$ cat model_5.cif   # mmCIF, C-alpha atoms
data_protein
#
loop_
_atom_site.group_PDB
_atom_site.id
_atom_site.type_symbol
_atom_site.label_atom_id
_atom_site.label_comp_id
_atom_site.auth_asym_id
_atom_site.auth_seq_id
_atom_site.Cartn_x
_atom_site.Cartn_y
_atom_site.Cartn_z
ATOM 1 C CA MET Q 1 -63.563 -4.410 14.623
ATOM 2 C CA LYS Q 2 -63.956 -0.913 13.144
ATOM 3 C CA LYS Q 3 -63.125 0.569 16.528
ATOM 4 C CA ALA Q 4 -59.958 -1.522 16.710
ATOM 5 C CA PHE Q 5 -58.876 -0.341 13.245
ATOM 6 C CA LYS Q 6 -59.492 3.256 14.265
ATOM 7 C CA ILE Q 7 -57.338 2.829 17.352
ATOM 8 C CA ILE Q 8 -54.572 1.191 15.328
ATOM 9 C CA GLY Q 9 -54.815 3.964 12.743
ATOM 10 C CA LYS Q 10 -54.495 6.634 15.418
ATOM 11 C CA VAL Q 11 -51.477 4.862 16.933
ATOM 12 C CA VAL Q 12 -49.764 4.590 13.546
ATOM 13 C CA LEU Q 13 -50.548 8.228 12.758
ATOM 14 C CA GLY Q 14 -49.195 9.278 16.139
ATOM 15 C CA LEU Q 15 -45.983 7.338 15.571
ATOM 16 C CA LEU Q 16 -45.562 8.882 12.118
ATOM 17 C CA ILE Q 17 -46.033 12.357 13.564
ATOM 18 C CA LEU Q 18 -43.477 11.617 16.280
ATOM 19 C CA LEU Q 19 -41.040 10.303 13.656
ATOM 20 C CA ALA Q 20 -41.523 13.400 11.488
ATOM 21 C CA VAL Q 21 -40.956 15.700 14.464
ATOM 22 C CA PHE Q 22 -37.868 13.720 15.460
ATOM 23 C CA LEU Q 23 -36.391 13.963 11.934
ATOM 24 C CA ILE Q 24 -37.107 17.695 11.752
ATOM 25 C CA VAL Q 25 -35.432 18.256 15.128
ATOM 26 C CA MET Q 26 -32.445 16.095 14.107
ATOM 27 C CA THR Q 27 -32.105 17.960 10.800
ATOM 28 C CA ILE Q 28 -32.049 21.331 12.567
ATOM 29 C CA TYR Q 29 -29.598 19.986 15.144
ATOM 30 C CA ASN Q 30 -27.400 18.633 12.353
ATOM 31 C CA GLN Q 31 -27.233 22.024 10.636
ATOM 32 C CA ILE Q 32 -26.255 23.662 13.923
ATOM 33 C CA MET Q 33 -23.519 21.082 14.548
ATOM 34 C CA LEU Q 34 -22.165 21.365 11.000
ATOM 35 C CA ARG Q 35 -21.590 25.069 11.579
ATOM 36 C CA LYS Q 36 -20.354 24.680 15.141
ATOM 37 C CA ASN Q 37 -17.860 21.925 14.325
ATOM 38 C CA LYS Q 38 -16.765 23.082 10.880
ATOM 39 C CA ASP Q 39 -13.138 23.316 12.030
ATOM 40 C CA LEU Q 40 -13.139 19.611 12.960
ATOM 41 C CA TYR Q 41 -13.775 18.706 9.339
ATOM 42 C CA GLY Q 42 -11.910 21.652 7.857
ATOM 43 C CA THR Q 43 -8.574 20.832 9.516
ATOM 44 C CA PRO Q 44 -6.896 17.802 7.827
ATOM 45 C CA LEU Q 45 -5.256 15.248 10.089
ATOM 46 C CA GLY Q 46 -2.477 14.690 7.570
ATOM 47 C CA GLN Q 47 -1.157 16.676 4.644
ATOM 48 C CA LEU Q 48 -2.836 17.631 1.381
ATOM 49 C CA VAL Q 49 -1.017 17.018 -1.901
ATOM 50 C CA GLU Q 50 -2.177 18.084 -5.337
ATOM 51 C CA VAL Q 51 -3.192 15.307 -7.689
ATOM 52 C CA ASP Q 52 -4.980 16.011 -10.979
ATOM 53 C CA GLY Q 53 -5.590 19.577 -9.834
ATOM 54 C CA HIS Q 54 -7.349 18.557 -6.602
ATOM 55 C CA ASN Q 55 -6.338 18.031 -2.982
ATOM 56 C CA MET Q 56 -5.688 14.485 -1.833
ATOM 57 C CA SER Q 57 -5.213 13.707 1.852
ATOM 58 C CA ILE Q 58 -2.356 11.506 2.999
ATOM 59 C CA TYR Q 59 -1.345 10.782 6.590
ATOM 60 C CA THR Q 60 2.136 9.615 7.565
ATOM 61 C CA GLU Q 61 3.892 8.796 10.791
ATOM 62 C CA GLY Q 62 6.766 6.695 12.094
ATOM 63 C CA GLU Q 63 10.276 5.881 10.958
ATOM 64 C CA GLY Q 64 11.878 2.675 9.807
ATOM 65 C CA GLU Q 65 13.213 0.647 6.933
ATOM 66 C CA HIS Q 66 9.789 -0.475 5.694
ATOM 67 C CA THR Q 67 6.800 1.593 4.547
ATOM 68 C CA ILE Q 68 3.303 0.223 5.146
ATOM 69 C CA VAL Q 69 0.546 1.741 3.010
ATOM 70 C CA PHE Q 70 -3.021 1.410 4.309
ATOM 71 C CA MET Q 71 -5.748 1.239 1.666
ATOM 72 C CA SER Q 72 -9.372 1.459 2.761
ATOM 73 C CA GLY Q 73 -12.400 -0.455 1.608
ATOM 74 C CA TRP Q 74 -15.335 1.121 -0.180
ATOM 75 C CA GLY Q 75 -17.433 3.516 1.887
ATOM 76 C CA THR Q 76 -15.001 3.892 4.805
ATOM 77 C CA THR Q 77 -15.375 7.642 5.173
ATOM 78 C CA SER Q 78 -12.349 8.254 7.414
ATOM 79 C CA PRO Q 79 -9.496 5.870 6.573
ATOM 80 C CA ILE Q 80 -7.039 7.834 8.739
ATOM 81 C CA LEU Q 81 -9.109 7.330 11.876
ATOM 82 C CA ASP Q 82 -10.466 3.926 10.903
ATOM 83 C CA PHE Q 83 -7.003 2.367 10.524
ATOM 84 C CA LYS Q 84 -5.510 4.061 13.583
ATOM 85 C CA CYS Q 85 -6.065 1.055 15.857
ATOM 86 C CA LEU Q 86 -3.721 -0.917 13.588
ATOM 87 C CA TYR Q 87 -1.089 1.508 12.275
ATOM 88 C CA SER Q 88 -0.518 3.044 15.731
ATOM 89 C CA ARG Q 89 0.837 -0.359 16.774
ATOM 90 C CA LEU Q 90 3.232 -0.506 13.825
ATOM 91 C CA SER Q 91 4.609 3.021 13.487
ATOM 92 C CA ASP Q 92 7.114 2.576 16.322
ATOM 93 C CA GLU Q 93 9.379 0.619 13.961
ATOM 94 C CA ASN Q 94 7.998 1.402 10.483
ATOM 95 C CA LYS Q 95 6.897 4.257 8.277
ATOM 96 C CA ILE Q 96 3.164 4.208 7.705
ATOM 97 C CA ALA Q 97 1.005 6.023 5.186
ATOM 98 C CA VAL Q 98 -2.759 6.200 4.894
ATOM 99 C CA VAL Q 99 -3.926 7.352 1.476
ATOM 100 C CA GLU Q 100 -7.408 8.834 1.387
ATOM 101 C CA LYS Q 101 -8.755 8.468 -2.133
ATOM 102 C CA PHE Q 102 -10.790 11.263 -3.647
ATOM 103 C CA GLY Q 103 -14.175 11.323 -1.942
ATOM 104 C CA TYR Q 104 -12.768 9.977 1.333
ATOM 105 C CA GLY Q 105 -11.670 11.672 4.536
ATOM 106 C CA PHE Q 106 -10.172 15.086 3.888
ATOM 107 C CA SER Q 107 -9.649 14.546 0.147
ATOM 108 C CA ASP Q 108 -11.705 16.484 -2.387
ATOM 109 C CA VAL Q 109 -14.940 15.174 -3.842
ATOM 110 C CA VAL Q 110 -14.295 15.091 -7.594
ATOM 111 C CA ASP Q 111 -15.913 14.188 -10.896
ATOM 112 C CA GLY Q 112 -14.357 11.867 -13.455
ATOM 113 C CA GLU Q 113 -13.417 8.230 -13.875
ATOM 114 C CA ARG Q 114 -13.044 6.058 -10.776
ATOM 115 C CA ASP Q 115 -11.679 2.948 -12.461
ATOM 116 C CA PHE Q 116 -8.869 1.121 -10.706
ATOM 117 C CA ASP Q 117 -6.101 2.202 -13.051
ATOM 118 C CA THR Q 118 -7.014 5.837 -12.360
ATOM 119 C CA ILE Q 119 -7.163 5.296 -8.599
ATOM 120 C CA LEU Q 120 -3.830 3.468 -8.629
ATOM 121 C CA ARG Q 121 -2.162 6.248 -10.598
ATOM 122 C CA GLN Q 122 -3.504 8.863 -8.200
ATOM 123 C CA ASP Q 123 -2.467 6.943 -5.079
ATOM 124 C CA ARG Q 124 1.067 6.426 -6.391
ATOM 125 C CA GLU Q 125 1.386 10.093 -7.228
ATOM 126 C CA ALA Q 126 0.110 11.122 -3.776
ATOM 127 C CA LEU Q 127 2.679 8.908 -2.056
ATOM 128 C CA GLN Q 128 5.501 10.265 -4.201
ATOM 129 C CA LYS Q 129 4.478 13.860 -3.485
ATOM 130 C CA ALA Q 130 4.366 13.052 0.234
ATOM 131 C CA ASP Q 131 7.956 11.757 -0.097
ATOM 132 C CA MET Q 132 6.932 8.203 0.801
ATOM 133 C CA LYS Q 133 9.191 6.152 -1.426
ATOM 134 C CA ALA Q 134 8.659 2.580 -2.630
ATOM 135 C CA PRO Q 135 8.862 -0.314 -2.036
ATOM 136 C CA TYR Q 136 5.695 -0.617 0.016
ATOM 137 C CA ILE Q 137 3.934 -3.206 2.092
ATOM 138 C CA LEU Q 138 0.341 -2.788 0.885
ATOM 139 C CA CYS Q 139 -2.211 -3.256 3.649
ATOM 140 C CA ALA Q 140 -5.520 -3.421 1.800
ATOM 141 C CA HIS Q 141 -9.048 -3.789 3.130
ATOM 142 C CA SER Q 142 -11.959 -5.115 1.082
ATOM 143 C CA TYR Q 143 -12.472 -3.286 -2.259
ATOM 144 C CA SER Q 144 -8.894 -1.944 -2.266
ATOM 145 C CA GLY Q 145 -7.648 -5.508 -2.622
ATOM 146 C CA TYR Q 146 -8.142 -5.247 -6.381
ATOM 147 C CA GLU Q 147 -5.893 -2.202 -6.445
ATOM 148 C CA ALA Q 148 -3.228 -3.937 -4.339
ATOM 149 C CA VAL Q 149 -3.041 -6.897 -6.728
ATOM 150 C CA LEU Q 150 -2.998 -4.572 -9.740
ATOM 151 C CA TRP Q 151 -0.196 -2.561 -8.128
ATOM 152 C CA ALA Q 152 1.928 -5.650 -7.583
ATOM 153 C CA GLN Q 153 1.331 -6.827 -11.160
ATOM 154 C CA LYS Q 154 2.047 -3.494 -12.880
ATOM 155 C CA TYR Q 155 4.816 -2.228 -10.594
ATOM 156 C CA PRO Q 156 6.389 -5.280 -8.946
ATOM 157 C CA ASP Q 157 9.464 -3.329 -7.825
ATOM 158 C CA GLU Q 158 7.201 -1.087 -5.717
ATOM 159 C CA VAL Q 159 5.534 -3.872 -3.700
ATOM 160 C CA GLU Q 160 7.483 -6.012 -1.254
ATOM 161 C CA ALA Q 161 4.470 -7.655 0.426
ATOM 162 C CA ILE Q 162 0.669 -7.566 0.631
ATOM 163 C CA VAL Q 163 -1.438 -7.812 3.779
ATOM 164 C CA GLY Q 164 -5.008 -8.612 2.792
ATOM 165 C CA LEU Q 165 -7.577 -7.478 5.354
ATOM 166 C CA ASP Q 166 -10.496 -9.535 4.055
ATOM 167 C CA MET Q 167 -9.623 -8.017 0.698
ATOM 168 C CA CYS Q 168 -11.273 -8.519 -2.677
ATOM 169 C CA ILE Q 169 -9.351 -10.839 -4.973
ATOM 170 C CA PRO Q 170 -9.683 -11.893 -8.618
ATOM 171 C CA ASN Q 171 -12.418 -14.499 -9.103
ATOM 172 C CA GLY Q 172 -13.736 -14.025 -5.591
ATOM 173 C CA LYS Q 173 -17.286 -13.258 -6.758
ATOM 174 C CA GLU Q 174 -19.700 -14.378 -9.427
ATOM 175 C CA GLU Q 175 -20.554 -11.756 -12.066
ATOM 176 C CA ASP Q 176 -24.213 -11.991 -11.021
ATOM 177 C CA THR Q 177 -23.190 -11.117 -7.453
ATOM 178 C CA ILE Q 178 -21.275 -8.061 -8.659
ATOM 179 C CA GLN Q 179 -24.247 -6.871 -10.709
ATOM 180 C CA THR Q 180 -26.647 -7.472 -7.814
ATOM 181 C CA ASN Q 181 -24.390 -5.597 -5.376
ATOM 182 C CA ALA Q 182 -24.234 -2.682 -7.813
ATOM 183 C CA LYS Q 183 -28.036 -2.494 -7.896
ATOM 184 C CA LEU Q 184 -28.066 -2.259 -4.098
ATOM 185 C CA VAL Q 185 -25.741 0.745 -4.185
ATOM 186 C CA GLY Q 186 -28.658 2.994 -5.097
ATOM 187 C CA LEU Q 187 -30.507 1.909 -1.957
ATOM 188 C CA VAL Q 188 -27.356 2.305 0.136
ATOM 189 C CA LYS Q 189 -26.887 5.792 -1.327
ATOM 190 C CA LEU Q 190 -30.468 6.773 -0.449
ATOM 191 C CA ILE Q 191 -30.291 5.450 3.118
ATOM 192 C CA ASN Q 192 -26.878 6.976 3.823
ATOM 193 C CA ARG Q 193 -27.750 10.346 2.341
ATOM 194 C CA VAL Q 194 -30.963 10.532 4.352
ATOM 195 C CA SER Q 195 -28.877 9.635 7.401
ATOM 196 C CA ARG Q 196 -26.348 12.327 6.504
ATOM 197 C CA TYR Q 197 -28.793 15.138 5.730
ATOM 198 C CA THR Q 198 -31.021 14.493 8.744
ATOM 199 C CA GLY Q 199 -28.112 14.004 11.119
ATOM 200 C CA LEU Q 200 -29.042 10.416 12.021
ATOM 201 C CA VAL Q 201 -25.405 9.618 11.240
ATOM 202 C CA ARG Q 202 -24.576 11.391 14.504
ATOM 203 C CA ILE Q 203 -26.256 8.638 16.495
ATOM 204 C CA GLY Q 204 -23.860 5.887 17.542
ATOM 205 C CA SER Q 205 -20.212 5.281 16.706
ATOM 206 C CA SER Q 206 -18.746 5.027 13.206
ATOM 207 C CA GLU Q 207 -15.670 3.066 14.250
ATOM 208 C CA TYR Q 208 -15.691 -0.489 15.578
ATOM 209 C CA SER Q 209 -12.448 -0.861 17.556
ATOM 210 C CA GLY Q 210 -13.426 1.446 20.407
ATOM 211 C CA THR Q 211 -9.873 2.795 20.574
ATOM 212 C CA LEU Q 212 -10.444 6.382 19.393
ATOM 213 C CA THR Q 213 -10.399 9.288 21.817
ATOM 214 C CA GLY Q 214 -13.510 11.371 22.362
ATOM 215 C CA GLU Q 215 -12.104 14.118 20.150
ATOM 216 C CA GLU Q 216 -11.306 11.636 17.369
ATOM 217 C CA GLU Q 217 -14.848 10.268 17.574
ATOM 218 C CA LYS Q 218 -16.150 13.815 17.073
ATOM 219 C CA ILE Q 219 -13.937 14.286 14.009
ATOM 220 C CA TYR Q 220 -15.096 10.959 12.562
ATOM 221 C CA THR Q 221 -18.721 11.987 13.089
ATOM 222 C CA GLU Q 222 -18.175 15.319 11.328
ATOM 223 C CA ILE Q 223 -16.511 13.593 8.372
ATOM 224 C CA ASN Q 224 -19.520 11.288 8.079
ATOM 225 C CA ALA Q 225 -21.888 14.233 8.343
ATOM 226 C CA HIS Q 226 -20.076 15.997 5.509
ATOM 227 C CA ILE Q 227 -19.196 13.307 2.956
ATOM 228 C CA LEU Q 228 -21.056 10.035 3.568
ATOM 229 C CA ALA Q 229 -22.265 8.545 0.259
ATOM 230 C CA ASN Q 230 -20.912 11.398 -1.860
ATOM 231 C CA ASP Q 231 -20.910 11.062 -5.659
ATOM 232 C CA THR Q 232 -17.193 10.232 -5.949
ATOM 233 C CA MET Q 233 -17.572 7.386 -3.475
ATOM 234 C CA ILE Q 234 -20.747 6.077 -5.106
ATOM 235 C CA ASN Q 235 -19.198 6.206 -8.601
ATOM 236 C CA GLU Q 236 -16.457 3.799 -7.494
ATOM 237 C CA MET Q 237 -19.026 1.044 -7.161
ATOM 238 C CA ASN Q 238 -19.738 0.925 -10.896
ATOM 239 C CA PRO Q 239 -19.912 -2.798 -11.779
ATOM 240 C CA ASP Q 240 -18.087 -2.126 -15.063
ATOM 241 C CA TYR Q 241 -15.049 -0.930 -13.122
ATOM 242 C CA GLU Q 242 -15.029 -4.076 -10.994
ATOM 243 C CA LEU Q 243 -15.525 -6.440 -13.935
ATOM 244 C CA ASP Q 244 -12.860 -4.612 -15.975
ATOM 245 C CA VAL Q 245 -10.264 -4.825 -13.216
ATOM 246 C CA ILE Q 246 -10.963 -8.527 -12.696
ATOM 247 C CA ASP Q 247 -10.340 -9.110 -16.417
ATOM 248 C CA GLU Q 248 -7.150 -7.068 -16.197
ATOM 249 C CA LEU Q 249 -5.923 -8.964 -13.144
ATOM 250 C CA ASN Q 250 -6.678 -12.313 -14.773
ATOM 251 C CA SER Q 251 -4.644 -11.336 -17.846
ATOM 252 C CA SER Q 252 -1.437 -11.555 -15.780
ATOM 253 C CA PRO Q 253 -0.106 -14.063 -13.235
ATOM 254 C CA LEU Q 254 -0.913 -13.456 -9.593
ATOM 255 C CA PRO Q 255 1.835 -11.673 -7.639
ATOM 256 C CA THR Q 256 4.563 -13.794 -6.111
ATOM 257 C CA VAL Q 257 5.388 -11.352 -3.295
ATOM 258 C CA PRO Q 258 4.911 -12.533 0.306
ATOM 259 C CA VAL Q 259 1.272 -12.261 1.365
ATOM 260 C CA LEU Q 260 -0.532 -12.398 4.680
ATOM 261 C CA MET Q 261 -4.201 -12.925 3.908
ATOM 262 C CA TYR Q 262 -6.990 -12.598 6.472
ATOM 263 C CA VAL Q 263 -10.578 -13.652 5.864
ATOM 264 C CA SER Q 264 -13.466 -12.799 8.159
ATOM 265 C CA GLY Q 265 -16.049 -15.137 9.582
ATOM 266 C CA ASP Q 266 -18.481 -13.910 6.927
ATOM 267 C CA THR Q 267 -16.324 -14.363 3.828
ATOM 268 C CA ALA Q 268 -14.812 -17.644 5.001
ATOM 269 C CA ARG Q 269 -18.219 -19.172 4.256
ATOM 270 C CA GLN Q 270 -18.120 -17.899 0.669
ATOM 271 C CA GLU Q 271 -16.499 -20.594 -1.453
ATOM 272 C CA LEU Q 272 -15.259 -18.340 -4.264
ATOM 273 C CA TRP Q 273 -13.835 -15.722 -1.890
ATOM 274 C CA LEU Q 274 -12.002 -18.366 0.094
ATOM 275 C CA SER Q 275 -10.647 -20.186 -2.964
ATOM 276 C CA GLY Q 276 -9.581 -16.899 -4.559
ATOM 277 C CA THR Q 277 -7.723 -15.928 -1.400
ATOM 278 C CA GLN Q 278 -6.076 -19.350 -1.289
ATOM 279 C CA ALA Q 279 -4.949 -18.844 -4.891
ATOM 280 C CA MET Q 280 -3.168 -15.650 -3.804
ATOM 281 C CA VAL Q 281 -1.415 -17.601 -1.052
ATOM 282 C CA ASP Q 282 -0.461 -20.452 -3.395
ATOM 283 C CA ALA Q 283 1.068 -18.031 -5.917
ATOM 284 C CA SER Q 284 3.106 -16.292 -3.240
ATOM 285 C CA SER Q 285 6.740 -17.020 -2.459
ATOM 286 C CA ASP Q 286 5.742 -16.933 1.204
ATOM 287 C CA GLY Q 287 2.004 -16.919 1.752
ATOM 288 C CA LYS Q 288 -0.266 -17.436 4.724
ATOM 289 C CA LEU Q 289 -4.065 -17.607 5.001
ATOM 290 C CA ILE Q 290 -5.611 -16.858 8.392
ATOM 291 C CA LYS Q 291 -9.316 -17.236 9.166
ATOM 292 C CA LEU Q 292 -10.700 -14.914 11.823
ATOM 293 C CA ASP Q 293 -13.994 -15.331 13.636
ATOM 294 C CA CYS Q 294 -15.070 -11.689 13.383
ATOM 295 C CA GLY Q 295 -16.732 -9.196 11.054
ATOM 296 C CA HIS Q 296 -15.524 -7.820 7.708
ATOM 297 C CA TYR Q 297 -13.544 -4.973 9.329
ATOM 298 C CA VAL Q 298 -11.093 -7.537 10.674
ATOM 299 C CA TYR Q 299 -8.501 -4.978 11.768
ATOM 300 C CA SER Q 300 -11.031 -3.237 14.015
ATOM 301 C CA PHE Q 301 -11.661 -6.451 15.950
ATOM 302 C CA GLU Q 302 -8.274 -8.167 15.821
ATOM 303 C CA TYR Q 303 -5.823 -5.250 15.672
ATOM 304 C CA GLU Q 304 -3.569 -6.680 18.403
ATOM 305 C CA ARG Q 305 -3.141 -10.017 16.660
ATOM 306 C CA ILE Q 306 -2.853 -8.560 13.160
ATOM 307 C CA SER Q 307 -0.244 -5.971 14.179
ATOM 308 C CA LYS Q 308 1.819 -8.732 15.804
ATOM 309 C CA GLU Q 309 1.640 -10.909 12.701
ATOM 310 C CA ILE Q 310 2.493 -7.995 10.393
ATOM 311 C CA LYS Q 311 5.615 -7.436 12.488
ATOM 312 C CA GLU Q 312 6.465 -11.119 12.070
ATOM 313 C CA LEU Q 313 6.004 -10.758 8.298
ATOM 314 C CA ILE Q 314 8.344 -7.767 8.271
ATOM 315 C CA ASP Q 315 10.916 -9.703 10.285
ATOM 316 C CA SER Q 316 10.795 -12.436 7.647
ATOM 317 C CA LEU Q 317 11.442 -9.827 4.931
ATOM 318 C CA ASN Q 318 14.604 -8.841 6.782
ATOM 319 C CA ASP Q 319 15.980 -12.401 6.902
#
$ encode --input "model_5.cif" --output "structure tokens"
Amino acid sequence: MKKAFKIIGKVVLGLLILLAVFLIVMTIYNQIMLRKNKDLYGTPLGQLVEVDGHNMSIYTEGEGEHTIVFMSGWGTTSPILDFKCLYSRLSDENKIAVVEKFGYGFSDVVDGERDFDTILRQDREALQKADMKAPYILCAHSYSGYEAVLWAQKYPDEVEAIVGLDMCIPNGKEEDTIQTNAKLVGLVKLINRVSRYTGLVRIGSSEYSGTLTGEEEKIYTEINAHILANDTMINEMNPDYELDVIDELNSSPLPTVPVLMYVSGDTARQELWLSGTQAMVDASSDGKLIKLDCGHYVYSFEYERISKEIKELIDSLND
């Protein structure tokens, strides 16, 4: 028995040594690649506008009567590249804008409040400075859903429709769930920062659609290697911000603008999320709820279908 334990101990020790060597090699490799590919991260894909004394990245393309604004979920490090599979199928007939909040993409990492009223103010200012005029069709994924609803409540003349990409809605979660998720952020931060500093983030793809070019994949990887789990991004996930915005949203009626609401296979099984999304549809002057059998990044899996249905929504706005 003692001999067996010794053998097991040696195997475990050997594996730990191999793991340590692997991490050291990856860390050195990561530092080399950060220097070699610094221009990939240092050259914005869109334009930089000044907001609150810092640079905010905003990408625009296309021409048309309607302007679609893409708003990323929490932790999506490169919204410009992440949404490309969807907006590239819509920019032939519409203006599109991807706003990268502070801490995301090519925008600055900043200190200060990250409550939803602040984020909304900054996003509106960035769009105005990029000469992207309202009204907008807000295309919001996940955590940005709160901002989209707040936008429509506070500035109804600026929002002509909302496309919810498995987006957060008022009363879609229990308070206990929000508090529990916030406690997990610390673990997520630790794992992602270890992945970033050691270069493990360079292993595998960061984007699910499989539609990016090889060069775009490299840019996405460099963005991850530079900003994944930065302080600005982490600060957004303060449970007080989420609870405060839910209270604010519940203090006013839900928007009546047309809505096209998608839920993923995961969230469709969550009773509160589904009922909250249905409430958005019921309040709308022209609402539709569509369940998709795919993961939370619905637009990465169903970009062909979603782009087609967004075009149908826009056609209905023209009637």
$ resolve_selection --input "model_5.cif" --expression "the PyMOL selection byres ((chain Q and resi 45-52) around 10)" --output "ChimeraX atom specification"
/Q:40-44,53-61,80-81,97-100,102,105-108,110,121-130,219
$ closest_residue --input "model_5.cif" --among "Q:Leu34, Q:Ile306, Q:Leu272, Q:Met132" --to "Gly62 in chain Q" --atoms "only C-alpha atoms"
Q:Met132
$ residues_around --input "model_5.cif" --residues "range 284-289 of chain Q" --least-positions-apart "6" --cutoff "9 Å" --atoms "all atoms listed in the file" --output "PyMOL selection string"
chain Q and resi 254-263+277-278
$ closest_residue --input "model_5.cif" --among "Q:Ser252, Q:Thr76, Q:Asn235, Q:Thr221" --to "Lys38 in chain Q" --atoms "only C-alpha atoms"
Q:Thr221
$ atom_distance --input "model_5.cif" --atom1 "CA of Asp293 in chain Q" --atom2 "CA of Val149 in chain Q"
24.6 Å
$ atom_distance --input "model_5.cif" --atom1 "CA of Tyr197 in chain Q" --atom2 "CA of Met26 in chain Q"
9.2 Å
$ closest_residue --input "model_5.cif" --among "Q:Ala229, Q:Ile137, Q:Val245, Q:Ala279" --to "Gly103 in chain Q" --atoms "only C-alpha atoms"
Q:Ala229
$ atom_distance --input "model_5.cif" --atom1 "CA of Glu217 in chain Q" --atom2 "CA of Ser78 in chain Q"
10.7 Å
$ resolve_selection --input "model_5.cif" --expression "the PyMOL selection byres ((chain Q and resi 114) around 12)" --output "compact mmCIF listing (two decimals) with C-alpha atoms, in the coordinates of the input"
# COMPACT_ATOMS: atom_id res chain seq x y z
CA TRP Q 74 -15.34 1.12 -0.18
CA LYS Q 101 -8.76 8.47 -2.13
CA PHE Q 102 -10.79 11.26 -3.65
CA GLY Q 103 -14.18 11.32 -1.94
CA VAL Q 109 -14.94 15.17 -3.84
CA VAL Q 110 -14.30 15.09 -7.59
CA ASP Q 111 -15.91 14.19 -10.90
CA GLY Q 112 -14.36 11.87 -13.46
CA GLU Q 113 -13.42 8.23 -13.88
CA ASP Q 115 -11.68 2.95 -12.46
CA PHE Q 116 -8.87 1.12 -10.71
CA ASP Q 117 -6.10 2.20 -13.05
CA THR Q 118 -7.01 5.84 -12.36
CA ILE Q 119 -7.16 5.30 -8.60
CA LEU Q 120 -3.83 3.47 -8.63
CA ARG Q 121 -2.16 6.25 -10.60
CA GLN Q 122 -3.50 8.86 -8.20
CA GLU Q 147 -5.89 -2.20 -6.44
CA ASP Q 231 -20.91 11.06 -5.66
CA THR Q 232 -17.19 10.23 -5.95
CA MET Q 233 -17.57 7.39 -3.48
CA ILE Q 234 -20.75 6.08 -5.11
CA ASN Q 235 -19.20 6.21 -8.60
CA GLU Q 236 -16.46 3.80 -7.49
CA MET Q 237 -19.03 1.04 -7.16
CA ASN Q 238 -19.74 0.92 -10.90
CA PRO Q 239 -19.91 -2.80 -11.78
CA ASP Q 240 -18.09 -2.13 -15.06
CA TYR Q 241 -15.05 -0.93 -13.12
CA GLU Q 242 -15.03 -4.08 -10.99
CA ASP Q 244 -12.86 -4.61 -15.98
CA VAL Q 245 -10.26 -4.82 -13.22
$ residues_around --input "model_5.cif" --residues "Gly199 in chain Q" --least-positions-apart "5" --cutoff "12 Å" --atoms "only C-alpha atoms" --output "mmCIF file with C-alpha atoms, keeping the file's coordinate frame"
data_model
loop_
_atom_site.group_PDB
_atom_site.id
_atom_site.type_symbol
_atom_site.label_atom_id
_atom_site.label_comp_id
_atom_site.auth_asym_id
_atom_site.auth_seq_id
_atom_site.Cartn_x
_atom_site.Cartn_y
_atom_site.Cartn_z
ATOM 1 C CA PHE Q 22 -37.868 13.720 15.460
ATOM 2 C CA LEU Q 23 -36.391 13.963 11.934
ATOM 3 C CA ILE Q 24 -37.107 17.695 11.752
ATOM 4 C CA VAL Q 25 -35.432 18.256 15.128
ATOM 5 C CA MET Q 26 -32.445 16.095 14.107
ATOM 6 C CA THR Q 27 -32.105 17.960 10.800
ATOM 7 C CA ILE Q 28 -32.049 21.331 12.567
ATOM 8 C CA TYR Q 29 -29.598 19.986 15.144
ATOM 9 C CA ASN Q 30 -27.400 18.633 12.353
ATOM 10 C CA GLN Q 31 -27.233 22.024 10.636
ATOM 11 C CA ILE Q 32 -26.255 23.662 13.923
ATOM 12 C CA MET Q 33 -23.519 21.082 14.548
ATOM 13 C CA LEU Q 34 -22.165 21.365 11.000
ATOM 14 C CA ILE Q 191 -30.291 5.450 3.118
ATOM 15 C CA ASN Q 192 -26.878 6.976 3.823
ATOM 16 C CA ARG Q 193 -27.750 10.346 2.341
ATOM 17 C CA VAL Q 194 -30.963 10.532 4.352
ATOM 18 C CA GLY Q 204 -23.860 5.887 17.542
ATOM 19 C CA THR Q 221 -18.721 11.987 13.089
ATOM 20 C CA GLU Q 222 -18.175 15.319 11.328
ATOM 21 C CA ILE Q 223 -16.511 13.593 8.372
ATOM 22 C CA ASN Q 224 -19.520 11.288 8.079
ATOM 23 C CA ALA Q 225 -21.888 14.233 8.343
ATOM 24 C CA HIS Q 226 -20.076 15.997 5.509
ATOM 25 C CA LEU Q 228 -21.056 10.035 3.568
#
$ residues_near_point --input "model_5.cif" --point "(-9.6, -18.2, -7.5)" --cutoff "12 Å" --atoms "all atoms listed in the file" --output "list in words"
Cys168, Ile169, Pro170, Asn171, Gly172, Lys173, Glu174, Ile246, Leu249, Asn250, Pro253, Leu254, Gln270, Glu271, Leu272, Trp273, Leu274, Ser275, Gly276, Thr277, Gln278, Ala279, Met280, Val281, Asp282 and Ala283 of chain Q
$ closest_residue --input "model_5.cif" --among "Q:Tyr104, Q:Tyr299, Q:Tyr136, Q:Tyr155" --to "Pro79 in chain Q" --atoms "only C-alpha atoms"
Q:Tyr104
$ closest_residue --input "model_5.cif" --among "Q:Asp176, Q:Glu302, Q:Asp166, Q:Glu158" --to "Gly145 in chain Q" --atoms "only C-alpha atoms"
Q:Asp166
$ closest_residue --input "model_5.cif" --among "Q:Ser142, Q:Asn94, Q:Ser88, Q:Thr180" --to "Gly73 in chain Q" --atoms "all atoms listed in the file"
Q:Ser142
$ resolve_selection --input "model_5.cif" --expression "the PyMOL selection byres ((chain Q and resi 265) around 6)" --output "compact mmCIF listing (two decimals) with C-alpha atoms, keeping the file's coordinate frame"
# COMPACT_ATOMS: atom_id res chain seq x y z
CA SER Q 264 -13.47 -12.80 8.16
CA ASP Q 266 -18.48 -13.91 6.93
CA THR Q 267 -16.32 -14.36 3.83
CA ALA Q 268 -14.81 -17.64 5.00
CA LEU Q 292 -10.70 -14.91 11.82
CA ASP Q 293 -13.99 -15.33 13.64
CA CYS Q 294 -15.07 -11.69 13.38
